[in-house]
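Participant: Just dropping this structure here.
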Amino acid sequence: MPSLGLAMIVKNGAKSLPNCLASVAGLVDQIVVADTGSTDGTPQLARDLGAEVFELTWPDDFAKARNAAVAKLTTDWVLILDDDEELDTQAREKIPALLLGSGVGGYLVTLRNYLPVRLCEGGHAPSVRPIDSAVPRAENARSYADFDLCRLFRRHPRIYYSGRAHESVDGSIHALGLGLPSGNFLIHHFGHLSCSAEELKEKDQLYLRLSHLKCKDAPNHSQAWIELGLVEYERFKNYSVAIECFKKALALDPKSNKVPYLSLANLYLEIHAEDRALELLSRVTMTGRQAGDKARICRDALYNLGRLKECRAAYVRALAILRGDPRILSKLGLTEVRMGLKKSGLSRLRAAVKVAPDQVEMHDRMIKAFLLMNLLPQAAEAAERVAAGLPNPANILRAAVIRAQMWDWEPARSLVKQGLQMFPNNQELLAVSAELEKKTRAVAV
């Protein structure tokens, strides 16, 4: 029977490492952990759990780190996990047979990323699926996104990782003429559920730096520019830099990869350049899920441009295909309210909120509809629910302003006061608070 080794790079993984290694217990013949500077006792814990541990100075390159860990293995096959991941229980039954495959260099594995939100925006949004139950460590997850990547491969001197960030062994496997079929098993990833805001910020900064270095290393590699563009756009909102990255990616590879078209078009919507989004997407034909995403962007562009009849027809067609999709339902509802179809529009908006009550965008459209219909009390109540569920200065100010439009000075003042308890130095809240104090004093006189 071919042997199997687990290779890991870890830093401060003491909390999650025991569960990770327990998921492969009895399946792997060797465990190698490359520790890149832990301060929480991870190295000794890993040794106690049966791993061979070596210290690795972080090389600012995920591929180099992965390859260093793999190089310590002596097994026939390699399994890759991070400490915040676990191998699915059914994988234990499937992997032994996979190791017997001939002409195969590795297997694509489904990495299931559990998320704390029901839906999400950005490049990964088309992959997100709501979830009602999950494995125990993901009990707080509201959705998941699946991605296929190679995490099980032969240990071979010419199979190796490349890429400082978003590292992959796929290219080296294809170069050998070996197969890379689906392994048909899951790896569960829990990192998004446990990271603090500060940890997420640090990860974003790391990937930004590595993505810039990756483009410097391979300036003619389209995928490197796509990855950098996505980081600049989605994580840092550096629109001008992201636009140049996507344009470079398209110049290098205008046909085979549709991601830069979709990402750039999404970006154009955010900066209110809808005509540019429509023109860009008119150049390319897409199929499957990407075609659906293209259609969504075009519908949103038509809405923003005020071409409501065209927009409504497009949303109705989309809803016939994706029945019950809360985003489409919500956007169709607000479009109808703007067209004067108030009863139908409100019904759709309420249905969307019922389907996805934890999604701020559903409530946002409902608030906009109430304001368009001059239903200020309903708008105020909806805005206050959002401010309570997602307390930030913008949401609090919106709720307070709606109350002020109704001359409900005391509720408006109370909202701003609560906001200042959470955000005491916010200049907009301070300014509105001062204005409301004047109003309440005037009313009292």
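Naming scheme: A, B, ... for chains in displayed order of the structure tokens; residues 1 onward per chain; ligands 1 onward as shown.
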Write out as JSON, numbers by chain the set of residues from range 242-371 of chain A that DSSP, computed on the backbone, places in helix (DSSP H, G or I).

Facilitator: {"A": [242, 243, 244, 245, 246, 247, 248, 249, 250, 251, 252, 259, 260, 261, 262, 263, 264, 265, 266, 267, 268, 269, 270, 274, 275, 276, 277, 278, 279, 280, 281, 288, 289, 290, 291, 292, 293, 294, 295, 296, 297, 298, 299, 300, 301, 302, 303, 304, 308, 309, 310, 311, 312, 313, 314, 315, 316, 317, 318, 319, 320, 321, 326, 327, 328, 329, 330, 331, 332, 333, 334, 335, 336, 337, 338, 342, 343, 344, 345, 346, 347, 348, 349, 350, 351, 352, 353, 354, 355, 360, 361, 362, 363, 364, 365, 366, 367, 368, 369, 370, 371]}

Participant: Can you pull out every residue within 10 Å of range 291-308 of chain A, counting only C-alpha atoms, but drop anything in the same chain fewer than 3 positions away, and send it as a PyMOL selection string?

Facilitator: chain A and resi 123+125-126+258+261-263+265-266+268-269+272-279+281-282+284-288+311-315+318+321-322+327-328+331-332+334-336+338-339

Participant: Step one, run DSSP on the backbone; step two, keep only residues of range 185-269 of chain A assigned to strand (DSSP E); then write them as number ranges by chain.

Facilitator: A: 185-189

Participant: Which residues are close to range 387-389 of chain A, i.e. within 10 Å by only C-alpha atoms, leaving aside same-chain residues fewer than 4 positions away? Reply as number ranges by chain.

Facilitator: A: 358-360, 381-383, 393-400, 415, 419

Participant: For each of A:Pro219, A:Gly26, A:Pro181, A:Pro411, take the minimum atom-to-atom distance to Glu384 in chain A, counting only C-alpha atoms, then give the residue where this is smallest.

Facilitator: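 When distances to Glu384 in chain A are compared using only C-alpha atoms, the smallest one comes from A:Pro411.
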
Participant: So which residues touch Lys237 in chain A within 12 Å, counting only C-alpha atoms, skipping near sequence neighbours fewer than 6 positions away, as a ChimeraX atom specification?

Facilitator: /A:122,228-231,243,267-268,270-271
